[in-house]
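Trainee: First the structure, then my questions, so here it is.
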Amino acid sequence: LLSHCGAGVALRGLIEFSNICVSDCHYCGIRKRNHHVERYTLTDQEVVDAARWCAKRGYGSIVLQSGERRDRRFIDRLVNNIRRIKQATCSAQQPDGVGITLCVGEQRQEDYQQLYEAGAHRYLLRIETTSPALFASLHPPEQSFSGRLSCLHGLRDAGFIVGTGVMIGIPGQTLAQLADDLLFFQSFDIDMIGM
C-alpha cells in the first residue's frame with residue numbers, strides 16, 4: 001500500500017448539511033417514511049463556515065453529504081454553496097480552495113454537470129449491490145438498479161471522480177454476489193470504494 005499511496009495521511013471534513021430525504025430505502029434511518037427522526041438542514045452560512053473551519057485546520061478537502069432531494073431549490077443552493085466554499089477557502093496552500101466531494105444521491109444528468117462546473121469534482125454514490133434482485137429487496141419499486149447504474153455513468157460523463165460501494169451482510173447476499181461487486185468495481189474503473 002505504501003508504494004502506491006505513500007505514508008502521508010490526508011484529512012477530509014464531513015459536513016452533513018441535511019437529513020431530509022425523498023427516497024425510501026428500506027434500511028436507511030433517514031428514509032422519508034421514518035417519522036421518528038428529527039429533520040434538519042444547516043443554513044448556507046453554517047455550511048460555508050464549517051468548510052472554512054476545515055480549511056483553516058489544514059483539511060485538504062471536504063464532503064458535503066445529505067439525504068436525497070432532486071428539487072431545483074436544493075440543487076441551486078448546493079451549487080451556490082460550492083461556489084462560496086471554493087471562494088472562502090482559497091489560501092496560499094490551496095489557491096483553488098478545498099477539494100469538494102458530494103454525497104447527495106441520485107440526481108439528473110444536467111444537475112451533475114452543473115455541480116461539477118461549480119467546483120465539486122468527486123462524487124460518492126453507493127450502488128449497494130450489483131445484484132438487481134438484491135437491490136430491489138432494499139428499495140421501493142420507484143428506485144431501480146438500472147437507475148442507479150445510469151447515475152454512476154452520468155457522474156463519469158460529467159467528469160467526476162466516482163466513488164461507490166456495497167453493503168456487506170445484506171440478508172440473502174452470497175459470496176458470489178460480493179465477488180461480482182468486486183468485478184464491477186474493476187470493470188467500471190471506480191476511483192473510490194467503500195464496503
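Labeling convention for the C-alpha cells: chains A, B, ... as they appear, residues from 1 per chain, ligands from 1 in order of appearance.
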Just the residues within 12 Å of Tyr112 of chain A, please, counting only C-alpha atoms, with nothing from its chain fewer than 4 positions along; format it as a VMD selection string.

Mentor: chain A and resid 70 75 to 76 78 to 79 102 to 108 116 to 125 151 to 162

Trainee: When DSSP is applied to the backbone of this structure, which of chain A are assigned strand (DSSP E)? Write them out as a PyMOL selection string.

Mentor: chain A and resi 12-18+61-66+99-103+122-124+161-165+192-194

Trainee: Neighbouring residues of segment 61-63 of chain A were defined as those with any atom within 6 Å, considering only C-alpha atoms; residues of the same chain fewer than 5 positions away were excluded. Please report them as a VMD selection string.

Mentor: chain A and resid 12 to 15 98 to 102

Trainee: Counting only C-alpha atoms, which residues of segment 31-135 of chain A fall within 10 Å of segment 179-190 of chain A, and what is the closest atom pair for each with its distance in Å at one decimal, ordered by chain and rising number, as a tab-separated table?

Mentor:
residue	atom	partner	partner_atom	distance
A:Ile127	CA	A:Asp181	CA	9.2
A:Glu128	CA	A:Asp181	CA	9.0
A:Thr129	CA	A:Asp181	CA	6.5
A:Thr130	CA	A:Asp181	CA	5.6
A:Ser131	CA	A:Asp180	CA	8.2

Trainee: Now that the selection is made, can you save its residues with all heavy atoms as a PDB file, in the first residue's frame?

Mentor:
ATOM      1  N   ILE A 127     -23.620   1.868  -4.986  1.00  0.00           N
ATOM      2  CA  ILE A 127     -24.511   1.039  -5.783  1.00  0.00           C
ATOM      3  C   ILE A 127     -25.225   0.037  -4.860  1.00  0.00           C
ATOM      4  O   ILE A 127     -26.243  -0.515  -5.204  1.00  0.00           O
ATOM      5  CB  ILE A 127     -23.765   0.332  -6.939  1.00  0.00           C
ATOM      6  CG1 ILE A 127     -24.776  -0.184  -7.945  1.00  0.00           C
ATOM      7  CG2 ILE A 127     -22.830  -0.754  -6.425  1.00  0.00           C
ATOM      8  CD1 ILE A 127     -24.231  -0.420  -9.322  1.00  0.00           C
ATOM      9  N   GLU A 128     -24.670  -0.179  -3.680  1.00  0.00           N
ATOM     10  CA  GLU A 128     -25.196  -1.030  -2.606  1.00  0.00           C
ATOM     11  C   GLU A 128     -25.047  -2.514  -2.893  1.00  0.00           C
ATOM     12  O   GLU A 128     -24.673  -3.277  -2.040  1.00  0.00           O
ATOM     13  CB  GLU A 128     -26.633  -0.663  -2.238  1.00  0.00           C
ATOM     14  CG  GLU A 128     -26.709   0.737  -1.668  1.00  0.00           C
ATOM     15  CD  GLU A 128     -28.064   1.367  -1.737  1.00  0.00           C
ATOM     16  OE1 GLU A 128     -28.950   0.859  -2.443  1.00  0.00           O
ATOM     17  OE2 GLU A 128     -28.239   2.410  -1.080  1.00  0.00           O
ATOM     18  N   THR A 129     -25.338  -2.952  -4.106  1.00  0.00           N
ATOM     19  CA  THR A 129     -25.111  -4.316  -4.580  1.00  0.00           C
ATOM     20  C   THR A 129     -25.245  -4.295  -6.095  1.00  0.00           C
ATOM     21  O   THR A 129     -26.008  -3.494  -6.636  1.00  0.00           O
ATOM     22  CB  THR A 129     -26.116  -5.323  -3.980  1.00  0.00           C
ATOM     23  OG1 THR A 129     -25.911  -6.616  -4.571  1.00  0.00           O
ATOM     24  CG2 THR A 129     -27.556  -4.903  -4.205  1.00  0.00           C
ATOM     25  N   THR A 130     -24.515  -5.160  -6.766  1.00  0.00           N
ATOM     26  CA  THR A 130     -24.651  -5.238  -8.222  1.00  0.00           C
ATOM     27  C   THR A 130     -25.645  -6.321  -8.634  1.00  0.00           C
ATOM     28  O   THR A 130     -25.812  -6.576  -9.822  1.00  0.00           O
ATOM     29  CB  THR A 130     -23.286  -5.489  -8.894  1.00  0.00           C
ATOM     30  OG1 THR A 130     -22.697  -6.680  -8.349  1.00  0.00           O
ATOM     31  CG2 THR A 130     -22.354  -4.312  -8.676  1.00  0.00           C
ATOM     32  N   SER A 131     -26.316  -6.919  -7.672  1.00  0.00           N
ATOM     33  CA  SER A 131     -27.379  -7.878  -7.965  1.00  0.00           C
ATOM     34  C   SER A 131     -28.698  -7.123  -8.081  1.00  0.00           C
ATOM     35  O   SER A 131     -29.191  -6.574  -7.084  1.00  0.00           O
ATOM     36  CB  SER A 131     -27.485  -8.918  -6.847  1.00  0.00           C
ATOM     37  OG  SER A 131     -28.734  -9.589  -6.905  1.00  0.00           O
TER      38      SER A 131
END

Trainee: Using only C-alpha atoms, can you tell me which of A:Gly29, A:Leu138, A:Gln114, A:Arg39 comes closest to Asn80 of chain A?

Mentor: A:Gln114

Trainee: Taking 5 positions as the minimum chain separation for residues in the same chain, which residues sit within 8 Å of segment 43-49 of chain A when counting only C-alpha atoms? Answer as a PyMOL selection string.

Mentor: chain A and resi 15+17+77+81+84-85+88

Trainee: Interatomic distance between atom CA of Gln109 of chain A and atom CA of Asp191 of chain A?

Mentor: 19.4 Å

Trainee: What gap, in Å, lies between atom CA of Glu68 of chain A and atom CA of Ile170 of chain A?

Mentor: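 Separating atom CA of Glu68 of chain A from atom CA of Ile170 of chain A is a distance of 21.7 Å.
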
Trainee: At a cut-off of 12 Å, using only C-alpha atoms, what residues contact Glu142 of chain A? Leave out same-chain residues fewer than 6 positions from it and give the result as a list of chain:residue names.

Mentor: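 Within the cut-off, the hits are A:Val22, A:Ser23, A:Asp24, A:Cys25, A:Phe135, A:Ala136, A:Arg148.
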
Trainee: Mind giving me the straight-line distance from atom CA of Glu16 of chain A to atom CA of Thr41 of chain A in Å, one decimal?

Mentor: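 Going from atom CA of Glu16 of chain A over to atom CA of Thr41 of chain A covers 8.8 Å.
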
Trainee: Looking at A:Ser144, A:Lys56, A:Gly67, A:Leu175, which one is nearest to Lys32 of chain A, with distances taken over only C-alpha atoms?

Mentor: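 Of all the options, A:Gly67 lies closest to Lys32 of chain A.
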